[in-house]
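**Q** Pasting final_7.txt here (compact mmCIF, C-alpha atoms and all ligand atoms):
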# COMPACT_ATOMS: atom_id res chain seq x y z
CA MET A 1 -18.72 6.78 6.04
CA SER A 2 -15.20 6.24 7.28
CA ARG A 3 -13.03 4.06 5.08
CA PRO A 4 -10.08 1.93 6.16
CA VAL A 5 -6.75 3.74 5.93
CA LEU A 6 -4.05 2.53 3.57
CA PHE A 7 -0.69 4.08 4.37
CA VAL A 8 1.95 4.16 1.64
CA THR A 9 5.53 4.98 2.62
CA ARG A 10 6.70 6.16 -0.83
CA GLU A 11 5.70 7.66 -4.12
CA LEU A 12 4.79 4.79 -6.47
CA PRO A 13 5.69 4.49 -10.16
CA GLU A 14 3.40 6.67 -12.28
CA LYS A 15 0.63 4.27 -13.35
CA ALA A 16 0.39 2.62 -9.95
CA GLN A 17 0.37 6.06 -8.36
CA GLN A 18 -2.63 6.99 -10.52
CA ARG A 19 -4.38 3.80 -9.53
CA LEU A 20 -3.72 4.58 -5.89
CA GLU A 21 -5.23 8.02 -6.29
CA ASN A 22 -8.39 6.49 -7.79
CA LEU A 23 -8.98 4.20 -4.84
CA THR A 24 -10.73 6.86 -2.79
CA GLU A 25 -14.11 5.07 -2.70
CA GLU A 26 -12.61 1.97 -1.13
CA VAL A 27 -9.91 3.26 1.18
CA GLU A 28 -8.50 6.47 2.57
CA VAL A 29 -5.04 6.69 1.13
CA ARG A 30 -2.39 8.40 3.23
CA GLN A 31 0.96 8.62 1.60
CA HIS A 32 4.45 9.94 2.08
CA ARG A 33 4.79 11.10 -1.54
CA SER A 34 8.53 11.09 -1.90
CA GLU A 35 11.29 8.93 -3.33
CA GLU A 36 12.97 9.08 0.08
CA GLY A 37 11.73 7.31 3.18
CA LEU A 38 10.45 8.90 6.36
CA GLY A 39 12.61 9.10 9.47
CA ARG A 40 11.76 6.38 11.95
CA GLN A 41 9.85 8.56 14.42
CA GLN A 42 7.83 10.15 11.66
CA LEU A 43 7.05 6.75 10.16
CA LEU A 44 5.84 5.50 13.54
CA ALA A 45 3.60 8.55 13.83
CA GLU A 46 2.26 8.35 10.25
CA VAL A 47 1.24 4.66 10.32
CA ARG A 48 -1.13 5.25 13.20
CA GLY A 49 -4.61 3.99 12.36
CA ALA A 50 -3.56 2.18 9.18
CA TRP A 51 -5.36 -1.03 8.16
CA GLY A 52 -2.82 -1.66 5.47
CA ILE A 53 0.75 -0.47 4.92
CA ILE A 54 2.55 -0.47 1.57
CA CYS A 55 6.28 -0.26 2.22
CA VAL A 56 9.65 -0.89 0.60
CA LEU A 57 12.77 -2.70 1.70
CA ASP A 58 14.23 0.40 3.39
CA ASP A 59 11.36 0.48 5.87
CA THR A 60 12.01 -1.63 8.95
CA VAL A 61 8.78 -3.41 9.84
CA ASP A 62 8.93 -4.71 13.38
CA ALA A 63 6.84 -5.08 16.54
CA GLU A 64 7.22 -1.36 17.28
CA LEU A 65 5.79 -0.39 13.91
CA VAL A 66 2.93 -2.87 14.17
CA GLN A 67 2.12 -1.52 17.59
CA ALA A 68 2.35 2.08 16.38
CA ALA A 69 -0.15 1.29 13.61
CA GLY A 70 -2.65 -0.12 16.09
CA PRO A 71 -4.77 -3.27 16.50
CA GLN A 72 -6.80 -2.65 13.31
CA LEU A 73 -3.71 -3.32 11.13
CA ARG A 74 -4.45 -6.26 8.81
CA VAL A 75 -1.73 -6.32 6.21
CA VAL A 76 1.78 -5.17 5.39
CA SER A 77 2.48 -5.22 1.67
CA THR A 78 6.09 -4.77 0.64
CA VAL A 79 7.03 -3.67 -2.87
CA SER A 80 9.81 -6.25 -3.02
CA VAL A 81 10.21 -9.99 -3.21
CA GLY A 82 12.66 -10.04 -0.29
CA TYR A 83 11.23 -9.47 3.15
CA ASP A 84 14.30 -9.53 5.38
CA HIS A 85 13.34 -6.01 6.52
CA VAL A 86 10.21 -7.46 8.09
CA ASP A 87 10.04 -9.14 11.49
CA THR A 88 7.74 -11.94 10.37
CA GLN A 89 7.28 -13.21 13.92
CA ALA A 90 5.99 -9.80 15.02
CA LEU A 91 3.40 -9.85 12.23
CA LYS A 92 2.40 -13.42 12.97
CA THR A 93 1.96 -12.71 16.66
CA GLN A 94 -0.37 -9.82 15.88
CA GLY A 95 -2.26 -11.71 13.14
CA VAL A 96 -1.05 -9.29 10.46
CA LEU A 97 -0.61 -10.66 6.92
CA LEU A 98 2.44 -10.05 4.76
CA GLY A 99 2.29 -9.60 0.99
CA HIS A 100 5.30 -9.34 -1.35
CA THR A 101 6.03 -9.25 -5.08
CA PRO A 102 7.57 -12.51 -6.33
CA GLY A 103 7.54 -13.51 -9.99
CA VAL A 104 6.99 -10.09 -11.54
CA LEU A 105 10.60 -9.04 -10.95
CA THR A 106 12.34 -12.29 -11.87
CA ASP A 107 13.28 -11.30 -15.43
CA ALA A 108 14.52 -7.81 -14.59
CA THR A 109 16.62 -9.03 -11.68
CA ALA A 110 18.08 -11.90 -13.69
CA ASP A 111 18.92 -9.42 -16.47
CA THR A 112 20.78 -7.23 -13.97
CA THR A 113 22.70 -10.26 -12.71
CA VAL A 114 23.82 -11.05 -16.26
CA LEU A 115 24.73 -7.40 -16.79
CA LEU A 116 26.99 -7.53 -13.73
CA ALA A 117 28.52 -10.85 -14.79
CA LEU A 118 29.39 -9.46 -18.22
CA MET A 119 30.67 -6.18 -16.80
CA ALA A 120 32.98 -8.10 -14.51
CA ALA A 121 34.11 -10.59 -17.15
CA ARG A 122 34.90 -7.86 -19.66
CA ARG A 123 36.41 -5.51 -17.08
CA ALA A 124 33.91 -2.83 -18.00
CA LYS A 125 34.66 -0.66 -14.97
CA GLU A 126 38.28 -0.19 -16.01
CA ALA A 127 37.28 0.24 -19.66
CA LEU A 128 34.69 2.92 -18.83
CA GLU A 129 37.28 4.79 -16.81
CA ARG A 130 39.79 4.59 -19.66
CA ALA A 131 37.21 5.83 -22.14
CA ALA A 132 36.11 8.64 -19.84
CA ASN A 133 39.72 9.76 -19.45
CA GLY A 134 40.26 10.00 -23.20
CA GLY A 135 43.89 10.18 -24.31
CA SER A 136 45.47 6.91 -25.41
CA SER A 137 42.46 4.81 -24.56
CA GLY A 138 41.61 3.48 -28.02
CA PHE A 139 41.86 -0.04 -29.40
CA SER A 140 44.62 -2.10 -27.89
CA LEU A 141 45.60 -5.70 -28.61
CA THR A 142 46.82 -6.24 -25.10
CA ARG A 143 45.24 -3.82 -22.64
CA GLY A 144 42.37 -4.64 -20.28
CA LEU A 145 41.64 -8.12 -21.62
CA GLY A 146 38.72 -9.89 -20.00
CA THR A 147 37.47 -13.45 -20.08
CA GLN A 148 34.71 -15.40 -21.87
CA PHE A 149 32.34 -17.92 -20.31
CA GLY A 150 32.80 -20.69 -22.91
CA GLU A 151 33.95 -23.97 -21.33
CA GLN A 152 33.60 -22.49 -17.84
CA THR A 153 31.64 -23.57 -14.77
CA LEU A 154 28.76 -21.52 -13.44
CA GLY A 155 27.91 -21.70 -9.74
CA ILE A 156 24.57 -20.43 -8.47
CA VAL A 157 23.87 -19.97 -4.78
CA GLY A 158 20.11 -20.39 -4.49
CA LEU A 159 18.22 -22.00 -7.38
CA GLY A 160 14.91 -20.22 -6.86
CA ARG A 161 12.99 -18.27 -9.48
CA ILE A 162 15.74 -15.67 -9.98
CA GLY A 163 18.63 -18.15 -9.78
CA SER A 164 16.97 -20.34 -12.43
CA ALA A 165 16.33 -17.36 -14.69
CA VAL A 166 19.98 -16.38 -14.35
CA VAL A 167 21.08 -19.88 -15.42
CA SER A 168 18.73 -19.85 -18.44
CA ARG A 169 20.17 -16.53 -19.55
CA LEU A 170 23.80 -17.51 -19.01
CA LEU A 171 23.77 -21.00 -20.55
CA PRO A 172 23.90 -19.69 -24.13
CA PHE A 173 27.22 -18.01 -23.28
CA GLY A 174 28.80 -21.46 -23.36
CA PHE A 175 29.10 -22.66 -19.77
CA THR A 176 29.74 -26.40 -19.82
CA ARG A 177 28.80 -27.09 -16.21
CA VAL A 178 26.21 -25.60 -13.86
CA LEU A 179 26.47 -26.20 -10.12
CA TYR A 180 24.08 -24.96 -7.50
CA ALA A 181 24.10 -24.82 -3.72
CA ALA A 182 20.80 -24.70 -1.88
CA PRO A 183 19.48 -26.05 1.42
CA ARG A 184 17.46 -28.66 -0.49
CA PRO A 185 17.86 -30.09 -4.01
CA GLN A 186 15.54 -28.34 -6.50
CA ASP A 187 15.04 -31.39 -8.69
CA LYS A 188 12.55 -30.04 -11.22
CA ARG A 189 14.34 -26.76 -11.86
CA ALA A 190 17.78 -28.38 -11.76
CA HIS A 191 16.78 -31.07 -14.25
CA ALA A 192 15.51 -28.51 -16.76
CA LEU A 193 18.78 -26.56 -16.47
CA ASN A 194 21.10 -29.55 -16.22
CA ALA A 195 22.33 -28.15 -12.93
CA GLN A 196 24.01 -30.27 -10.27
CA HIS A 197 23.34 -29.89 -6.56
CA VAL A 198 26.65 -29.61 -4.68
CA SER A 199 27.89 -28.32 -1.34
CA LEU A 200 28.81 -24.64 -1.13
CA GLU A 201 32.44 -25.68 -0.69
CA THR A 202 32.46 -27.67 -3.94
CA LEU A 203 30.68 -24.86 -5.74
CA LEU A 204 33.24 -22.30 -4.56
CA GLU A 205 36.20 -24.49 -5.45
CA SER A 206 34.89 -25.37 -8.92
CA SER A 207 33.13 -22.28 -10.29
CA ASP A 208 34.50 -19.61 -12.59
CA LEU A 209 31.44 -17.40 -12.08
CA VAL A 210 29.55 -17.47 -8.79
CA CYS A 211 26.16 -15.72 -8.66
CA ILE A 212 24.46 -15.14 -5.33
CA CYS A 213 20.70 -15.46 -5.81
CA CYS A 214 19.51 -16.58 -2.38
CA PRO A 215 17.35 -14.80 0.20
CA LEU A 216 18.94 -13.16 3.23
CA ASN A 217 18.23 -15.11 6.40
CA PRO A 218 20.25 -16.23 9.42
CA GLN A 219 21.78 -19.08 7.38
CA THR A 220 22.95 -16.84 4.53
CA THR A 221 24.08 -13.78 6.50
CA GLY A 222 27.86 -13.47 6.03
CA LEU A 223 27.92 -16.69 3.95
CA PHE A 224 30.68 -15.15 1.85
CA GLY A 225 33.40 -14.49 4.42
CA SER A 226 37.14 -15.09 4.46
CA GLN A 227 36.75 -18.89 4.44
CA ALA A 228 34.56 -18.78 1.36
CA PHE A 229 36.94 -16.46 -0.50
CA ALA A 230 39.91 -18.66 0.39
CA ARG A 231 38.15 -21.55 -1.40
CA MET A 232 37.34 -19.66 -4.57
CA ARG A 233 39.39 -19.72 -7.74
CA ARG A 234 41.79 -16.82 -8.17
CA SER A 235 40.25 -16.21 -11.57
CA ALA A 236 36.67 -16.33 -10.22
CA ILE A 237 34.06 -13.62 -10.56
CA LEU A 238 31.50 -13.08 -7.81
CA VAL A 239 28.14 -11.47 -8.57
CA ASN A 240 25.71 -10.50 -5.84
CA SER A 241 22.23 -9.37 -6.84
CA ALA A 242 20.51 -10.75 -3.71
CA ARG A 243 21.26 -8.90 -0.48
CA GLY A 244 24.43 -7.12 0.57
CA ALA A 245 24.65 -8.84 3.95
CA VAL A 246 25.21 -12.25 2.33
CA VAL A 247 28.75 -10.97 1.70
CA ASP A 248 31.10 -9.83 4.46
CA HIS A 249 32.38 -6.61 2.88
CA ASP A 250 35.66 -6.49 4.84
CA ALA A 251 36.46 -10.04 3.82
CA LEU A 252 35.58 -9.21 0.22
CA LEU A 253 37.86 -6.20 0.20
CA ASP A 254 40.67 -8.27 1.64
CA ALA A 255 40.05 -10.99 -0.98
CA LEU A 256 40.15 -8.42 -3.79
CA ASP A 257 43.30 -6.78 -2.42
CA ARG A 258 45.03 -10.15 -2.11
CA ARG A 259 43.74 -11.20 -5.53
CA LEU A 260 42.00 -14.26 -4.06
CA ILE A 261 39.26 -13.61 -6.64
CA ALA A 262 39.39 -11.66 -9.87
CA HIS A 263 36.38 -9.38 -9.56
CA ALA A 264 33.22 -8.77 -7.56
CA ALA A 265 30.14 -7.17 -9.09
CA LEU A 266 27.50 -6.07 -6.62
CA ASP A 267 24.02 -4.69 -7.05
CA VAL A 268 23.50 -4.81 -3.30
CA THR A 269 25.66 -3.63 -0.41
CA VAL A 270 25.56 -2.80 3.27
CA PRO A 271 24.73 -0.02 3.70
CA GLU A 272 22.92 1.16 0.61
CA PRO A 273 24.29 3.32 -0.76
CA LEU A 274 27.90 2.80 0.26
CA PRO A 275 29.40 6.10 1.44
CA ALA A 276 31.29 8.05 -1.23
CA GLY A 277 34.92 6.97 -1.37
CA HIS A 278 34.23 3.52 0.14
CA PRO A 279 37.10 1.22 -0.90
CA LEU A 280 34.73 -1.16 -2.70
CA LEU A 281 33.54 1.75 -4.86
CA THR A 282 37.03 2.79 -5.80
CA HIS A 283 38.53 -0.70 -6.14
CA PRO A 284 39.42 -1.41 -9.78
CA HIS A 285 38.20 -5.00 -9.41
CA CYS A 286 34.86 -4.24 -7.85
CA THR A 287 31.82 -3.02 -9.78
CA VAL A 288 28.96 -1.59 -7.74
CA LEU A 289 25.46 -0.70 -8.91
CA PRO A 290 22.96 1.06 -6.64
CA HIS A 291 20.42 -1.79 -6.21
CA ILE A 292 18.80 -1.55 -9.64
CA GLY A 293 17.94 -5.26 -9.93
CA SER A 294 14.24 -4.74 -10.64
CA ALA A 295 14.48 -1.14 -11.84
CA THR A 296 12.66 -1.19 -15.17
CA GLU A 297 9.48 0.72 -15.98
CA GLN A 298 7.58 -2.50 -16.62
CA THR A 299 8.76 -4.36 -13.57
CA ARG A 300 8.37 -1.53 -11.09
CA ALA A 301 4.81 -0.94 -12.37
CA ALA A 302 4.00 -4.63 -11.97
CA MET A 303 5.52 -4.72 -8.48
CA ALA A 304 3.62 -1.66 -7.30
CA ASN A 305 0.36 -2.99 -8.74
CA LEU A 306 0.81 -6.34 -7.06
CA ALA A 307 1.59 -4.55 -3.80
CA ILE A 308 -1.64 -2.53 -4.10
CA ASP A 309 -3.58 -5.74 -4.81
CA ASN A 310 -2.05 -7.41 -1.78
CA ALA A 311 -2.83 -4.44 0.44
CA LEU A 312 -6.46 -4.20 -0.69
CA ASP A 313 -6.96 -7.96 -0.41
CA GLY A 314 -5.58 -7.89 3.11
CA ILE A 315 -7.68 -4.91 4.17
CA PHE A 316 -10.88 -6.46 2.81
CA ALA A 317 -10.13 -9.95 4.12
CA ARG A 318 -9.70 -11.58 0.69
CA PRO A 319 -6.91 -14.08 -0.08
CA LEU A 320 -3.71 -12.23 -0.97
CA LYS A 321 -2.35 -12.66 -4.49
CA ALA A 322 1.18 -13.13 -3.15
CA LYS A 323 1.31 -13.92 0.53
CA VAL A 324 4.33 -14.82 2.62
CA ASP A 325 3.71 -17.87 4.82
CA LEU A 326 4.47 -16.58 8.28
O1 LIG B 1 15.69 -6.37 -3.82
C1 LIG B 1 14.60 -6.28 -4.25
C2 LIG B 1 13.49 -7.10 -3.87
O2 LIG B 1 13.57 -7.84 -2.89
O3 LIG B 1 12.46 -7.00 -4.53
Show this structure as structure tokens.
Ligand SMILES: O=CC(=O)O
**A**
Amino acid sequence: MSRPVLFVTRELPEKAQQRLENLTEEVEVRQHRSEEGLGRQQLLAEVRGAWGIICVLDDTVDAELVQAAGPQLRVVSTVSVGYDHVDTQALKTQGVLLGHTPGVLTDATADTTVLLALMAARRAKEALERAANGGSSGFSLTRGLGTQFGEQTLGIVGLGRIGSAVVSRLLPFGFTRVLYAAPRPQDKRAHALNAQHVSLETLLESSDLVCICCPLNPQTTGLFGSQAFARMRRSAILVNSARGAVVDHDALLDALDRRLIAHAALDVTVPEPLPAGHPLLTHPHCTVLPHIGSATEQTRAAMANLAIDNALDGIFARPLKAKVDL
């Protein structure tokens, strides 16, 4: 008997991969078993006939892809919490469901945000370079001094699950004030964290550490441009673990060159990866990680499992465990 086709655009983490391979009674699994994505034309060809597609944030899911899959397509399940790579309207129009992986990656992503904040505050990039170069790079009373968060103000852009987890982790470092900017006040979360809802302008003018934890959408694209940097404190640190496009990279580079802010630490960029030699990679006051926010064994396994659940639920017309409201 023919089984519905589940197309998977990547190799999954080991345990989830094994689970996928044991699904043969329920679905026919077709997979591009590689860490790298398919070229666009090949992807369009491979999704043909799929009832469900498991994809990642590098795969653009749009009307063309939905059409290429065919009218039987029931669900797209992305192994990510963010879904800015998906044209939600195109899915809605075709009655295709969208699953994603919220919750399971909150802790790992918040940990990475704290890692970046500390790396920036303690000027780890410069210190690593000094250590790697050997020579006179030992203990110094005066060289490469960083800053501590005690008595400082923390500003969070987006007080969702990840933003809140970032605040919980950072509060013990001694911040005396927490500000957040969000389209709507998040009363329950804010109350628990003693965080104050303010305008983005106030947040930028008052914060020593600014962490971007919001989704990418038309309102947040380019939110950090030259006007935002002009408002920030010259001693401020900016951390972005959300999406690269929230920050205008040219404006950031200009702000770093003109010392409008002290340091930027980015887990996300446009494009990903930045080309070798990109000025943000070589800038002494910019730390860049290659989008490792959720990259732990535990979290990636949980994400892939949730994505499989979502895909199977969609294919077999059951309620999705984590559905995006389209
Ligand atoms: O960036 C990662 C995600 O959206 O899960």
**Q** Determine the axis-aligned bounding box of all atoms of ligand LIG 1 (chain B) present in the file, pad each side by 3 Å, and express its centre and edge lengths in Å to one decimal place as lines of an AutoDock Vina configuration file.
**A**
center_x = 14.1
center_y = -7.1
center_z = -3.7
size_x = 9.2
size_y = 7.6
size_z = 7.6
**Q** Please identify the residues whose atoms come within 6 Å of ligand LIG 1 (chain B), using all atoms listed in the file, and report them as a list in words.
**A**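 Using all atoms listed in the file, everything at most 6 Å from ligand LIG 1 (chain B) comes to Ser80, Val81 and Gly82 of chain A.
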**Q** Using all atoms listed in the file for the distances, tell me which of A:Gly99, A:Pro185, A:Gly146, A:Gly134 is nearest to Leu118 in chain A.
**A**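 Going through A:Gly99, A:Pro185, A:Gly146, A:Gly134 one by one, the smallest distance to Leu118 in chain A is for A:Gly146.
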**Q** Ranking A:Ser294, A:Ser235, A:Ser241, A:Thr147 by minimum distance to Asp208 in chain A and counting all atoms listed in the file, which one comes first?
**A** A:Ser235
**Q** Could you please give me, as a ChimeraX atom specification, the residues of protein, DNA or RNA lying at most 12 Å from (39.8, -2.8, -11.3) in the coordinate frame of the file, considering all atoms listed in the file?
**A** /A:119-130,144-146,256-257,259,261-265,279-288
**Q** Take the residues from that selection and put them in a file with C-alpha atoms, as a PDB file, in the frame of the given file.
**A**
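New file selection-v3.pdb:
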ATOM      1  CA  MET A 119      30.670  -6.180 -16.800  1.00  0.00           C
ATOM      2  CA  ALA A 120      32.980  -8.100 -14.510  1.00  0.00           C
ATOM      3  CA  ALA A 121      34.110 -10.590 -17.150  1.00  0.00           C
ATOM      4  CA  ARG A 122      34.900  -7.860 -19.660  1.00  0.00           C
ATOM      5  CA  ARG A 123      36.410  -5.510 -17.080  1.00  0.00           C
ATOM      6  CA  ALA A 124      33.910  -2.830 -18.000  1.00  0.00           C
ATOM      7  CA  LYS A 125      34.660  -0.660 -14.970  1.00  0.00           C
ATOM      8  CA  GLU A 126      38.280  -0.190 -16.010  1.00  0.00           C
ATOM      9  CA  ALA A 127      37.280   0.240 -19.660  1.00  0.00           C
ATOM     10  CA  LEU A 128      34.690   2.920 -18.830  1.00  0.00           C
ATOM     11  CA  GLU A 129      37.280   4.790 -16.810  1.00  0.00           C
ATOM     12  CA  ARG A 130      39.790   4.590 -19.660  1.00  0.00           C
ATOM     13  CA  GLY A 144      42.370  -4.640 -20.280  1.00  0.00           C
ATOM     14  CA  LEU A 145      41.640  -8.120 -21.620  1.00  0.00           C
ATOM     15  CA  GLY A 146      38.720  -9.890 -20.000  1.00  0.00           C
ATOM     16  CA  LEU A 256      40.150  -8.420  -3.790  1.00  0.00           C
ATOM     17  CA  ASP A 257      43.300  -6.780  -2.420  1.00  0.00           C
ATOM     18  CA  ARG A 259      43.740 -11.200  -5.530  1.00  0.00           C
ATOM     19  CA  ILE A 261      39.260 -13.610  -6.640  1.00  0.00           C
ATOM     20  CA  ALA A 262      39.390 -11.660  -9.870  1.00  0.00           C
ATOM     21  CA  HIS A 263      36.380  -9.380  -9.560  1.00  0.00           C
ATOM     22  CA  ALA A 264      33.220  -8.770  -7.560  1.00  0.00           C
ATOM     23  CA  ALA A 265      30.140  -7.170  -9.090  1.00  0.00           C
ATOM     24  CA  PRO A 279      37.100   1.220  -0.900  1.00  0.00           C
ATOM     25  CA  LEU A 280      34.730  -1.160  -2.700  1.00  0.00           C
ATOM     26  CA  LEU A 281      33.540   1.750  -4.860  1.00  0.00           C
ATOM     27  CA  THR A 282      37.030   2.790  -5.800  1.00  0.00           C
ATOM     28  CA  HIS A 283      38.530  -0.700  -6.140  1.00  0.00           C
ATOM     29  CA  PRO A 284      39.420  -1.410  -9.780  1.00  0.00           C
ATOM     30  CA  HIS A 285      38.200  -5.000  -9.410  1.00  0.00           C
ATOM     31  CA  CYS A 286      34.860  -4.240  -7.850  1.00  0.00           C
ATOM     32  CA  THR A 287      31.820  -3.020  -9.780  1.00  0.00           C
ATOM     33  CA  VAL A 288      28.960  -1.590  -7.740  1.00  0.00           C
TER      34      VAL A 288
END
**Q** Near Thr113 in chain A, counting only C-alpha atoms, which residues have an atom at most 9 Å away, once you skip same-chain residues fewer than 4 positions from it, shown as JSON, numbers by chain?
**A** {"A": [108, 109, 117, 118, 166, 211, 213, 239, 240, 241, 265, 266, 267, 293]}
**Q** Could you add whatever atoms are missing so that range 130-155 of chain A carries N, CA and C atoms, then write the result as a JSON list (two decimals), in the frame of the given file?
**A**
[["chain", "number", "residue", "atom", "x", "y", "z"],
["A", 130, "ARG", "N", 38.82, 4.23, -18.60],
["A", 130, "ARG", "CA", 39.79, 4.59, -19.66],
["A", 130, "ARG", "C", 39.13, 5.46, -20.71],
["A", 131, "ALA", "N", 37.92, 5.06, -21.11],
["A", 131, "ALA", "CA", 37.21, 5.83, -22.14],
["A", 131, "ALA", "C", 36.90, 7.24, -21.64],
["A", 132, "ALA", "N", 36.48, 7.33, -20.40],
["A", 132, "ALA", "CA", 36.11, 8.64, -19.84],
["A", 132, "ALA", "C", 37.33, 9.56, -19.75],
["A", 133, "ASN", "N", 38.51, 8.95, -19.58],
["A", 133, "ASN", "CA", 39.72, 9.76, -19.45],
["A", 133, "ASN", "C", 40.31, 10.18, -20.78],
["A", 134, "GLY", "N", 39.77, 9.62, -21.88],
["A", 134, "GLY", "CA", 40.26, 10.00, -23.20],
["A", 134, "GLY", "C", 41.72, 9.62, -23.38],
["A", 135, "GLY", "N", 42.46, 10.43, -24.11],
["A", 135, "GLY", "CA", 43.89, 10.18, -24.31],
["A", 135, "GLY", "C", 44.14, 8.91, -25.09],
["A", 136, "SER", "N", 45.07, 8.10, -24.64],
["A", 136, "SER", "CA", 45.47, 6.91, -25.41],
["A", 136, "SER", "C", 44.63, 5.70, -25.03],
["A", 137, "SER", "N", 43.31, 5.89, -25.05],
["A", 137, "SER", "CA", 42.46, 4.81, -24.56],
["A", 137, "SER", "C", 41.73, 4.09, -25.69],
["A", 138, "GLY", "N", 42.28, 4.13, -26.88],
["A", 138, "GLY", "CA", 41.61, 3.48, -28.02],
["A", 138, "GLY", "C", 41.84, 1.98, -28.04],
["A", 139, "PHE", "N", 41.67, 1.40, -29.23],
["A", 139, "PHE", "CA", 41.86, -0.04, -29.40],
["A", 139, "PHE", "C", 43.26, -0.48, -28.98],
["A", 140, "SER", "N", 43.31, -1.56, -28.25],
["A", 140, "SER", "CA", 44.62, -2.10, -27.89],
["A", 140, "SER", "C", 44.56, -3.62, -27.99],
["A", 141, "LEU", "N", 45.60, -4.22, -28.51],
["A", 141, "LEU", "CA", 45.60, -5.70, -28.61],
["A", 141, "LEU", "C", 45.84, -6.36, -27.27],
["A", 142, "THR", "N", 46.35, -5.61, -26.34],
["A", 142, "THR", "CA", 46.82, -6.24, -25.10],
["A", 142, "THR", "C", 46.23, -5.67, -23.81],
["A", 143, "ARG", "N", 45.64, -4.48, -23.88],
["A", 143, "ARG", "CA", 45.24, -3.82, -22.64],
["A", 143, "ARG", "C", 43.83, -4.25, -22.19],
["A", 144, "GLY", "N", 43.69, -4.46, -20.89],
["A", 144, "GLY", "CA", 42.37, -4.64, -20.28],
["A", 144, "GLY", "C", 41.62, -5.87, -20.78],
["A", 145, "LEU", "N", 42.33, -6.95, -21.05],
["A", 145, "LEU", "CA", 41.64, -8.12, -21.62],
["A", 145, "LEU", "C", 40.81, -8.83, -20.55],
["A", 146, "GLY", "N", 39.61, -9.21, -20.93],
["A", 146, "GLY", "CA", 38.72, -9.89, -20.00],
["A", 146, "GLY", "C", 38.70, -11.38, -20.25],
["A", 147, "THR", "N", 37.59, -12.00, -19.89],
["A", 147, "THR", "CA", 37.47, -13.45, -20.08],
["A", 147, "THR", "C", 36.11, -13.76, -20.72],
["A", 148, "GLN", "N", 35.99, -14.95, -21.31],
["A", 148, "GLN", "CA", 34.71, -15.40, -21.87],
["A", 148, "GLN", "C", 34.24, -16.62, -21.10],
["A", 149, "PHE", "N", 32.90, -16.85, -21.14],
["A", 149, "PHE", "CA", 32.34, -17.92, -20.31],
["A", 149, "PHE", "C", 32.39, -19.31, -20.95],
["A", 150, "GLY", "N", 32.77, -19.39, -22.23],
["A", 150, "GLY", "CA", 32.80, -20.69, -22.91],
["A", 150, "GLY", "C", 33.68, -21.66, -22.15],
["A", 151, "GLU", "N", 33.19, -22.89, -22.00],
["A", 151, "GLU", "CA", 33.95, -23.97, -21.33],
["A", 151, "GLU", "C", 34.12, -23.73, -19.84],
["A", 152, "GLN", "N", 33.43, -22.77, -19.27],
["A", 152, "GLN", "CA", 33.60, -22.49, -17.84],
["A", 152, "GLN", "C", 32.48, -23.12, -17.01],
["A", 153, "THR", "N", 32.65, -23.02, -15.71],
["A", 153, "THR", "CA", 31.64, -23.57, -14.77],
["A", 153, "THR", "C", 30.92, -22.43, -14.07],
["A", 154, "LEU", "N", 29.61, -22.52, -14.09],
["A", 154, "LEU", "CA", 28.76, -21.52, -13.44],
["A", 154, "LEU", "C", 28.27, -22.07, -12.11],
["A", 155, "GLY", "N", 28.41, -21.28, -11.06],
["A", 155, "GLY", "CA", 27.91, -21.70, -9.74],
["A", 155, "GLY", "C", 26.84, -20.73, -9.27]]
